[in-house]
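Text of query-v8.csv (CSV, C-alpha atoms) as supplied:
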chain,number,residue,atom,x,y,z
X,1,MET,CA,-117.6,-24.1,-115.1
X,2,SER,CA,-119.2,-20.9,-113.8
X,3,SER,CA,-117.2,-17.7,-113.8
X,4,HIS,CA,-117.1,-18.0,-110.0
X,5,ASP,CA,-115.1,-21.2,-110.1
X,6,LEU,CA,-111.4,-21.6,-110.2
X,7,VAL,CA,-109.7,-24.7,-111.6
X,8,LEU,CA,-106.0,-25.0,-111.2
X,9,TYR,CA,-103.9,-27.6,-113.0
X,10,ASP,CA,-100.4,-28.6,-112.0
X,11,GLU,CA,-98.6,-26.5,-114.6
X,12,ASP,CA,-100.3,-23.3,-113.4
X,13,PHE,CA,-100.0,-24.3,-109.7
X,14,GLN,CA,-96.3,-24.8,-110.1
X,15,LYS,CA,-95.9,-21.4,-111.8
X,16,ILE,CA,-97.7,-19.8,-108.9
X,17,ARG,CA,-95.6,-21.6,-106.3
X,18,GLN,CA,-92.4,-20.6,-108.0
X,19,THR,CA,-93.4,-16.9,-108.0
X,20,LEU,CA,-94.3,-17.1,-104.4
X,21,GLN,CA,-91.1,-18.9,-103.5
X,22,ARG,CA,-89.0,-16.2,-105.2
X,23,LEU,CA,-91.0,-13.5,-103.5
X,24,LEU,CA,-90.4,-15.2,-100.1
X,25,LEU,CA,-86.6,-15.2,-100.7
X,26,ASP,CA,-86.3,-11.8,-102.4
X,27,ALA,CA,-88.4,-10.0,-99.8
X,28,ASN,CA,-86.8,-11.8,-96.9
X,29,ALA,CA,-90.3,-12.7,-95.7
X,30,ASN,CA,-91.4,-15.5,-93.3
X,31,LEU,CA,-94.5,-16.6,-95.2
X,32,VAL,CA,-96.2,-15.8,-98.5
X,33,PHE,CA,-99.6,-17.0,-99.6
X,34,LEU,CA,-102.3,-16.5,-102.1
X,35,VAL,CA,-106.0,-16.6,-101.3
X,36,ASP,CA,-109.1,-16.4,-103.4
X,37,LYS,CA,-111.4,-13.5,-102.5
X,38,SER,CA,-113.9,-16.1,-101.3
X,39,GLY,CA,-111.4,-17.3,-98.6
X,40,GLN,CA,-109.9,-20.4,-100.3
X,41,GLN,CA,-106.2,-20.7,-99.9
X,42,ILE,CA,-104.6,-21.3,-103.4
X,43,ALA,CA,-101.0,-21.7,-102.5
X,44,ALA,CA,-98.5,-21.0,-99.7
X,45,VAL,CA,-94.8,-21.0,-99.2
X,46,GLY,CA,-92.6,-20.4,-96.1
X,47,ASP,CA,-92.9,-21.4,-92.4
X,48,MET,CA,-96.5,-22.6,-92.0
X,49,LYS,CA,-95.9,-24.8,-88.9
X,50,SER,CA,-96.9,-22.4,-86.2
X,51,LEU,CA,-99.9,-21.0,-88.2
X,52,ASP,CA,-103.4,-22.0,-88.9
X,53,ALA,CA,-103.2,-21.4,-92.6
X,54,THR,CA,-106.9,-22.1,-93.3
X,55,SER,CA,-108.1,-19.6,-90.7
X,56,LEU,CA,-105.5,-17.1,-92.0
X,57,ALA,CA,-106.9,-17.5,-95.5
X,58,SER,CA,-110.5,-17.0,-94.5
X,59,LEU,CA,-109.8,-14.0,-92.2
X,60,THR,CA,-107.7,-12.4,-94.9
X,61,ALA,CA,-110.6,-12.7,-97.4
X,62,GLY,CA,-113.0,-11.3,-94.8
X,63,ASN,CA,-110.6,-8.4,-94.1
X,64,VAL,CA,-110.3,-7.6,-97.9
X,65,ALA,CA,-114.1,-8.0,-98.3
X,66,ALA,CA,-114.8,-5.5,-95.5
X,67,THR,CA,-112.2,-3.1,-96.9
X,68,ASP,CA,-113.8,-3.4,-100.4
X,69,GLY,CA,-117.1,-2.5,-98.8
X,70,LEU,CA,-115.5,0.6,-97.2
X,71,ALA,CA,-113.9,1.6,-100.5
X,72,ARG,CA,-117.2,1.5,-102.3
X,73,LEU,CA,-118.9,3.5,-99.5
X,74,ILE,CA,-116.5,6.4,-100.1
X,75,GLY,CA,-116.6,6.0,-103.9
X,76,GLU,CA,-113.3,4.1,-104.5
X,77,LYS,CA,-113.2,1.0,-106.6
X,78,GLU,CA,-111.0,-0.8,-104.1
X,79,PHE,CA,-108.1,-0.3,-101.8
X,80,SER,CA,-105.5,-2.4,-103.6
X,81,VAL,CA,-103.0,-2.6,-100.7
X,82,LEU,CA,-103.5,-3.1,-97.0
X,83,PHE,CA,-100.7,-3.1,-94.4
X,84,HIS,CA,-100.9,-4.3,-90.8
X,85,GLU,CA,-98.0,-3.4,-88.6
X,86,GLY,CA,-97.4,-5.4,-85.4
X,87,GLU,CA,-94.7,-5.3,-82.7
X,88,LYS,CA,-92.7,-8.1,-84.4
X,89,ASP,CA,-94.6,-9.2,-87.4
X,90,ASN,CA,-96.3,-7.3,-90.2
X,91,LEU,CA,-98.8,-8.3,-92.9
X,92,HIS,CA,-98.7,-6.8,-96.4
X,93,ILE,CA,-101.9,-7.6,-98.3
X,94,SER,CA,-102.5,-6.8,-102.0
X,95,ILE,CA,-105.0,-7.6,-104.7
X,96,VAL,CA,-103.8,-9.5,-107.8
X,97,ALA,CA,-105.8,-9.6,-111.1
X,98,ARG,CA,-108.9,-8.3,-109.2
X,99,ARG,CA,-109.8,-11.7,-107.8
X,100,VAL,CA,-106.9,-13.1,-105.7
X,101,ILE,CA,-105.1,-11.8,-102.6
X,102,LEU,CA,-101.4,-11.9,-102.1
X,103,VAL,CA,-100.3,-11.9,-98.5
X,104,VAL,CA,-96.7,-11.4,-97.2
X,105,LEU,CA,-95.9,-12.0,-93.5
X,106,PHE,CA,-92.6,-10.5,-92.6
X,107,ASP,CA,-90.7,-9.3,-89.5
X,108,ASN,CA,-87.9,-6.7,-88.9
X,109,ARG,CA,-85.4,-8.6,-91.1
X,110,ALA,CA,-87.3,-7.1,-94.0
X,111,SER,CA,-88.4,-3.6,-94.7
X,112,LEU,CA,-91.8,-2.4,-96.0
X,113,GLY,CA,-90.1,-0.7,-98.9
X,114,LEU,CA,-88.4,-4.0,-100.0
X,115,VAL,CA,-91.6,-6.0,-99.6
X,116,ARG,CA,-93.6,-3.5,-101.7
X,117,LEU,CA,-91.0,-3.5,-104.4
X,118,ARG,CA,-90.8,-7.3,-104.6
X,119,VAL,CA,-94.6,-7.7,-104.4
X,120,ARG,CA,-95.0,-5.4,-107.4
X,121,ARG,CA,-92.8,-7.7,-109.5
X,122,ALA,CA,-94.5,-10.9,-108.2
X,123,THR,CA,-97.9,-9.3,-108.9
X,124,ALA,CA,-97.0,-8.8,-112.6
X,125,GLU,CA,-96.0,-12.4,-112.9
X,126,LEU,CA,-99.1,-13.7,-111.1
X,127,GLU,CA,-101.4,-11.6,-113.3
X,128,THR,CA,-99.9,-13.2,-116.3
X,129,VAL,CA,-100.7,-16.7,-114.9
X,130,PHE,CA,-104.2,-15.7,-114.0
X,131,GLU,CA,-104.8,-14.2,-117.4
X,132,GLU,CA,-103.8,-17.4,-118.9
X,133,ILE,CA,-106.1,-19.4,-116.6
X,134,ALA,CA,-109.0,-17.1,-117.5
X,135,ARG,CA,-108.2,-17.5,-121.2
X,136,LYS,CA,-108.3,-21.3,-120.9
X,137,HIS,CA,-111.5,-21.0,-118.9
X,138,GLU,CA,-113.2,-18.9,-121.6
X,139,SER,CA,-112.1,-21.1,-124.4
X,140,GLY,CA,-113.3,-24.1,-122.6
X,141,ARG,CA,-109.8,-25.6,-122.9
X,142,LEU,CA,-109.4,-26.5,-119.2
X,143,SER,CA,-106.9,-29.3,-119.8
X,144,PRO,CA,-105.3,-30.8,-122.9
X,145,ALA,CA,-107.2,-34.1,-122.3
X,146,GLY,CA,-110.5,-32.5,-121.2
X,147,VAL,CA,-110.0,-34.2,-117.8
X,148,LEU,CA,-112.5,-31.9,-116.0
X,149,GLU,CA,-115.5,-32.9,-118.2
X,150,THR,CA,-114.9,-36.6,-117.8
X,151,ARG,CA,-113.9,-36.9,-114.1
X,152,PHE,CA,-116.6,-34.9,-112.4
X,153,SER,CA,-119.4,-35.8,-114.7
X,154,GLU,CA,-118.8,-39.4,-113.6
X,155,ILE,CA,-119.5,-38.7,-109.9
X,156,THR,CA,-122.5,-40.9,-108.9
X,157,ASP,CA,-125.0,-40.6,-106.0
X,158,GLU,CA,-123.2,-43.7,-104.6
X,159,ASP,CA,-119.9,-41.8,-104.5
X,160,ILE,CA,-121.5,-39.0,-102.6
X,161,ASP,CA,-123.3,-41.4,-100.2
X,162,ARG,CA,-120.0,-43.2,-99.5
X,163,LEU,CA,-118.5,-39.9,-98.5
X,164,PHE,CA,-121.0,-39.6,-95.7
X,165,SER,CA,-121.1,-43.2,-94.5
X,166,GLU,CA,-117.5,-43.3,-93.6
P,1,MET,CA,-116.8,-20.6,-105.8
P,2,THR,CA,-115.7,-24.2,-106.2
P,3,PHE,CA,-112.0,-24.3,-106.2
P,4,ILE,CA,-110.6,-27.5,-107.8
P,5,ASN,CA,-106.9,-28.0,-107.4
P,6,TYR,CA,-105.7,-30.8,-109.6
P,7,SER,CA,-102.1,-30.5,-108.4
P,8,GLN,CA,-103.1,-31.0,-104.7
P,9,ARG,CA,-106.1,-33.2,-105.7
P,10,GLU,CA,-108.6,-31.1,-103.7
P,11,ILE,CA,-112.1,-29.8,-104.2
P,12,ASN,CA,-113.0,-26.8,-102.0
P,13,CYS,CA,-116.6,-25.7,-101.5
P,14,LYS,CA,-118.1,-22.9,-99.5
P,15,ILE,CA,-121.4,-23.3,-97.6
P,16,VAL,CA,-123.1,-20.3,-96.0
P,17,TYR,CA,-125.6,-20.5,-93.1
P,18,TYR,CA,-128.1,-17.7,-93.5
P,19,GLY,CA,-131.1,-16.6,-91.4
P,20,PRO,CA,-132.5,-14.1,-88.9
P,21,GLY,CA,-130.6,-13.0,-85.8
P,22,LEU,CA,-130.6,-15.4,-82.9
P,23,GLY,CA,-132.0,-18.2,-85.1
P,24,GLY,CA,-129.2,-20.7,-84.3
P,25,LYS,CA,-126.7,-20.4,-87.2
P,26,THR,CA,-123.7,-20.2,-84.9
P,27,THR,CA,-125.2,-23.0,-82.7
P,28,ASN,CA,-125.3,-25.3,-85.8
P,29,LEU,CA,-121.6,-24.7,-86.5
P,30,GLN,CA,-120.8,-25.1,-82.8
P,31,PHE,CA,-122.5,-28.5,-82.7
P,32,ILE,CA,-120.7,-29.6,-85.9
P,33,TYR,CA,-117.4,-28.5,-84.5
P,34,ASP,CA,-118.0,-30.2,-81.1
P,35,HIS,CA,-119.0,-33.5,-82.8
P,36,ALA,CA,-116.9,-33.8,-85.9
P,37,ALA,CA,-113.9,-36.1,-85.8
P,38,ALA,CA,-110.8,-34.3,-84.7
P,39,ALA,CA,-108.9,-35.2,-87.8
P,40,SER,CA,-111.6,-33.8,-90.1
P,41,LYS,CA,-112.1,-30.4,-88.7
P,42,GLY,CA,-110.1,-27.2,-88.4
P,43,LYS,CA,-110.4,-24.4,-85.9
P,44,LEU,CA,-113.8,-22.7,-85.4
P,45,VAL,CA,-113.2,-19.0,-85.9
P,46,SER,CA,-115.8,-16.7,-84.5
P,47,LEU,CA,-115.8,-13.0,-85.0
P,48,ALA,CA,-118.4,-12.1,-82.4
P,49,THR,CA,-119.2,-9.1,-80.1
P,50,GLU,CA,-118.7,-9.3,-76.4
P,51,THR,CA,-122.2,-10.6,-76.0
P,52,GLU,CA,-121.5,-13.4,-78.4
P,53,ARG,CA,-123.6,-12.0,-81.2
P,54,THR,CA,-121.9,-12.7,-84.6
P,55,LEU,CA,-120.2,-9.5,-85.7
P,56,PHE,CA,-118.8,-10.5,-89.1
P,57,PHE,CA,-118.8,-14.3,-89.5
P,58,ASP,CA,-118.1,-17.7,-88.0
P,59,PHE,CA,-115.9,-20.1,-90.0
P,60,LEU,CA,-115.3,-23.8,-89.8
P,61,PRO,CA,-113.3,-25.8,-92.2
P,62,LEU,CA,-114.3,-29.5,-92.6
P,63,ASP,CA,-112.8,-32.4,-94.5
P,64,PHE,CA,-115.3,-34.9,-95.7
P,65,GLY,CA,-112.9,-37.5,-97.1
P,66,GLU,CA,-112.2,-38.6,-100.7
P,67,ILE,CA,-114.4,-38.6,-103.7
P,68,ARG,CA,-113.0,-39.9,-107.0
P,69,GLY,CA,-109.5,-39.4,-105.7
P,70,PHE,CA,-110.0,-35.8,-104.6
P,71,ARG,CA,-110.2,-34.6,-101.0
P,72,ALA,CA,-113.6,-32.9,-100.5
P,73,ARG,CA,-113.1,-29.9,-98.2
P,74,PHE,CA,-115.9,-27.7,-97.1
P,75,HIS,CA,-115.7,-24.2,-95.6
P,76,LEU,CA,-118.8,-23.4,-93.5
P,77,TYR,CA,-119.6,-19.8,-92.8
P,78,THR,CA,-122.4,-18.1,-90.9
P,79,VAL,CA,-123.5,-14.5,-91.5
P,80,PRO,CA,-124.5,-12.0,-88.8
P,81,GLY,CA,-128.3,-12.1,-88.5
P,82,GLN,CA,-128.9,-8.6,-87.1
P,83,ASP,CA,-130.3,-6.0,-89.5
P,84,ILE,CA,-127.5,-3.5,-89.0
P,85,TYR,CA,-124.9,-6.0,-90.5
P,86,ASP,CA,-126.5,-6.2,-93.9
P,87,ALA,CA,-123.4,-5.0,-95.7
P,88,SER,CA,-121.3,-7.8,-94.1
P,89,ARG,CA,-123.9,-10.4,-95.0
P,90,ALA,CA,-123.7,-9.6,-98.6
P,91,LEU,CA,-119.9,-9.9,-98.6
P,92,ILE,CA,-119.9,-13.3,-97.0
P,93,LEU,CA,-122.0,-14.7,-99.9
P,94,ARG,CA,-119.0,-14.0,-102.1
P,95,GLY,CA,-118.0,-17.3,-103.8
P,96,VAL,CA,-120.8,-19.4,-102.1
P,97,ASP,CA,-121.5,-22.9,-103.4
P,98,GLY,CA,-124.5,-23.6,-101.2
P,99,VAL,CA,-126.8,-21.9,-98.8
P,100,VAL,CA,-128.5,-23.3,-95.6
P,101,PHE,CA,-131.3,-21.1,-94.4
P,102,VAL,CA,-131.8,-21.5,-90.6
P,103,ALA,CA,-135.3,-20.4,-89.8
P,104,ASP,CA,-136.5,-19.8,-86.2
P,105,SER,CA,-139.6,-21.8,-85.4
P,106,GLN,CA,-141.0,-19.4,-82.8
P,107,GLU,CA,-144.2,-17.8,-83.8
P,108,ALA,CA,-142.8,-14.3,-82.9
P,109,ARG,CA,-140.0,-14.8,-85.4
P,110,MET,CA,-142.0,-15.6,-88.5
P,111,ASP,CA,-141.8,-12.1,-89.8
P,112,ALA,CA,-138.1,-12.0,-89.2
P,113,ASN,CA,-137.7,-15.3,-91.2
P,114,VAL,CA,-139.6,-13.9,-94.1
P,115,GLU,CA,-137.7,-10.7,-94.1
P,116,SER,CA,-134.4,-12.6,-93.9
P,117,LEU,CA,-135.4,-14.7,-96.9
P,118,ARG,CA,-136.1,-11.5,-98.9
P,119,ASN,CA,-132.7,-10.2,-97.8
P,120,LEU,CA,-131.0,-13.4,-98.9
P,121,ASP,CA,-132.6,-13.1,-102.4
P,122,LYS,CA,-131.4,-9.4,-102.6
P,123,ASN,CA,-127.9,-10.2,-101.5
P,124,LEU,CA,-127.5,-13.3,-103.7
P,125,ARG,CA,-128.5,-11.1,-106.7
P,126,GLU,CA,-126.0,-8.5,-105.6
P,127,GLN,CA,-123.3,-11.1,-105.8
P,128,GLY,CA,-124.4,-12.4,-109.2
P,129,TYR,CA,-126.3,-15.5,-108.1
P,130,ASP,CA,-129.8,-16.7,-108.8
P,131,PHE,CA,-131.8,-17.8,-105.8
P,132,ALA,CA,-133.9,-20.1,-108.0
P,133,THR,CA,-130.9,-22.3,-109.0
P,134,ILE,CA,-128.3,-22.0,-106.2
P,135,PRO,CA,-127.9,-25.2,-104.1
P,136,TYR,CA,-130.2,-24.5,-101.1
P,137,VAL,CA,-131.4,-26.2,-98.0
P,138,LEU,CA,-134.0,-25.0,-95.5
P,139,GLN,CA,-133.8,-25.8,-91.7
P,140,PHE,CA,-136.6,-25.2,-89.2
P,141,ASN,CA,-134.6,-24.8,-86.0
P,142,LYS,CA,-135.8,-24.6,-82.3
P,143,ARG,CA,-138.4,-27.4,-82.8
P,144,ASP,CA,-138.1,-28.1,-79.0
P,145,LEU,CA,-139.7,-24.8,-78.0
P,146,PRO,CA,-143.3,-24.7,-76.9
P,147,THR,CA,-144.0,-21.7,-79.2
P,148,ALA,CA,-142.8,-23.5,-82.3
P,149,VAL,CA,-145.1,-23.1,-85.3
P,150,PRO,CA,-146.4,-26.4,-86.8
P,151,LEU,CA,-144.1,-27.7,-89.5
P,152,ARG,CA,-146.8,-27.6,-92.2
P,153,GLU,CA,-147.4,-23.9,-91.6
P,154,MET,CA,-143.7,-23.1,-91.7
P,155,HIS,CA,-143.3,-25.1,-94.9
P,156,ARG,CA,-146.2,-23.1,-96.5
P,157,LEU,CA,-144.7,-19.8,-95.4
P,158,LEU,CA,-141.0,-20.4,-96.0
P,159,ASN,CA,-140.4,-23.2,-98.5
P,160,ILE,CA,-140.2,-21.3,-101.7
P,161,ARG,CA,-138.9,-23.7,-104.4
P,162,GLY,CA,-139.5,-27.2,-103.0
P,163,GLU,CA,-136.1,-27.3,-101.4
P,164,PRO,CA,-135.1,-30.1,-99.0
P,165,THR,CA,-136.3,-29.1,-95.5
P,166,PHE,CA,-135.2,-30.4,-92.1
P,167,ALA,CA,-136.6,-29.9,-88.6
P,168,ALA,CA,-133.9,-29.3,-86.1
P,169,THR,CA,-132.9,-28.4,-82.6
P,170,ALA,CA,-129.4,-27.1,-83.0
P,171,THR,CA,-128.7,-27.0,-79.2
P,172,THR,CA,-129.1,-30.8,-79.0
P,173,GLY,CA,-127.8,-31.5,-82.5
P,174,PHE,CA,-131.1,-32.9,-83.8
P,175,GLY,CA,-131.2,-32.3,-87.6
P,176,VAL,CA,-127.8,-30.5,-87.7
P,177,PHE,CA,-125.7,-33.1,-89.6
P,178,GLU,CA,-128.7,-34.1,-91.8
P,179,THR,CA,-128.9,-30.4,-92.9
P,180,LEU,CA,-125.2,-30.2,-93.5
P,181,LYS,CA,-125.0,-33.5,-95.4
P,182,GLU,CA,-127.8,-32.4,-97.8
P,183,SER,CA,-126.1,-29.1,-98.5
P,184,ALA,CA,-122.7,-30.8,-99.1
P,185,ARG,CA,-124.5,-33.4,-101.3
P,186,GLN,CA,-126.0,-30.6,-103.4
P,187,ALA,CA,-122.7,-28.7,-103.8
P,188,LEU,CA,-121.0,-31.9,-104.9
P,189,SER,CA,-123.8,-32.8,-107.3
P,190,GLU,CA,-123.3,-29.3,-108.9
P,191,LEU,CA,-119.8,-30.5,-109.9
P,192,ARG,CA,-121.4,-33.0,-112.3
P,193,LYS,CA,-123.0,-30.2,-114.3
P,194,LYS,CA,-119.7,-28.3,-114.6
Take the structure in this file and express it as structure tokens.
Amino acid sequence: MSSHDLVLYDEDFQKIRQTLQRLLLDANANLVFLVDKSGQQIAAVGDMKSLDATSLASLTAGNVAATDGLARLIGEKEFSVLFHEGEKDNLHISIVARRVILVVLFDNRASLGLVRLRVRRATAELETVFEEIARKHESGRLSPAGVLETRFSEITDEDIDRLFSE
Amino acid sequence: MTFINYSQREINCKIVYYGPGLGGKTTNLQFIYDHAAAASKGKLVSLATETERTLFFDFLPLDFGEIRGFRARFHLYTVPGQDIYDASRALILRGVDGVVFVADSQEARMDANVESLRNLDKNLREQGYDFATIPYVLQFNKRDLPTAVPLREMHRLLNIRGEPTFAATATTGFGVFETLKESARQALSELRKK
């Protein structure tokens, strides 16, 4: 896999979800989600019904990308935290392990101070998970059974054609 | 960045439509959005100016169905074509799995096409990619216009690595899905090498 790629197995995915779930409860938030810097949503917990999660993920990544660009222009490495305050709802956005974005949507039932505090703890946990994923990636040990190598190398031209004929 | 989620059984790929300003990148996405099955598409998000010029990007999520038990989901992006938005263009290439270059067939836009190709090369390098190897499709758009340059000439000028090339008229949809399918096919084929 290239260093740009991200492969998540169930074990890591569940760890990430548990951390997000705990953050959701501890921070009294409405929604917590994790997005890759390229705009792919990795995991989300909370009330997603009224929201277009895919657009939210892509716009968050765009927002962070633009802010990264601003940071570099003024000689900063990055702005690691962004906060958007609305009339009812607020967004707290922070960078985890330099490659993923943690987003917390909360209203006046929570406070910014509480969210920041809980985000800090969740960030430390998530960094451990992503360090572990990176270690597996580097050592080539993507799964105990080497599932990745077998499954995707087996994709045939017919598989791809079938996708487009449906 | 291909994102493979074994837990959710999903493959996510990012395709970026690149090219000079007013070349039809947004029109490609708009046609796909208007004609894709309702169940397979998400919302088309457009960050545009008041005059409908792309300011940051357009975004369309598409679900192509299942391959080897995994849902194949594609995120389509356009970049803003205007010169002044170069910083934004580079950022949108972050994590790209495939590029579609939408060239404008009008004679007066040939220099703009060439300049945009150079700009793509520079911005890909900036993001750590190699233009020679990244999945790449070329589209000659606006074939319906009387000032369109002959295909052979455009090919000579703009086809740089023997990439698959499609004639198109994005306003009517001619060539739009063919271009997209080839780009998606290339991105999925890359998975085999991983």
task: Quick one: pull the distance between CA of Asn113 in chain P and CA of Pro20 in chain P, Å, one decimal.
output: 5.8 Å
CA of Lys88 in chain X to CA of Ser55 in chain X, distance in Å rounded to a single decimal: 20.2 Å
- request: Please return, as a PyMOL selection string, all residues of chain P lying within 7 Å of chain X when all atoms listed in the file are considered.
  value: chain P and resi 1-7+64-67+91+94-95+185+191-194
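Closest approach to Asn12 in chain P among P:Leu180, P:Leu62, P:Ala103, P:Ala36 is made by P:Leu62 (distances from only C-alpha atoms).
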Nearest-residue call for Thr67 in chain X, choices X:Leu25, X:Ile95, X:Gly46, X:Leu34, using only C-alpha atoms: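 Closest to Thr67 in chain X of all the choices is X:Ile95.
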field: Pairwise distance for CA of Gln139 in chain P and CA of Ala39 in chain P, rounded to one decimal in Å
entry: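 Spanning CA of Gln139 in chain P to CA of Ala39 in chain P is a straight-line distance of 26.9 Å.
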For Leu56 in chain X, the nearest of the candidates P:Val99, P:Ile11, P:Val45, P:Ala90, counting all atoms listed in the file: P:Val45
task: May I ask which of the residues P:Leu117, P:Val16, P:Ile32, P:Ala184 is the closest one to Leu93 in chain P, counting only C-alpha atoms?
output: P:Val16
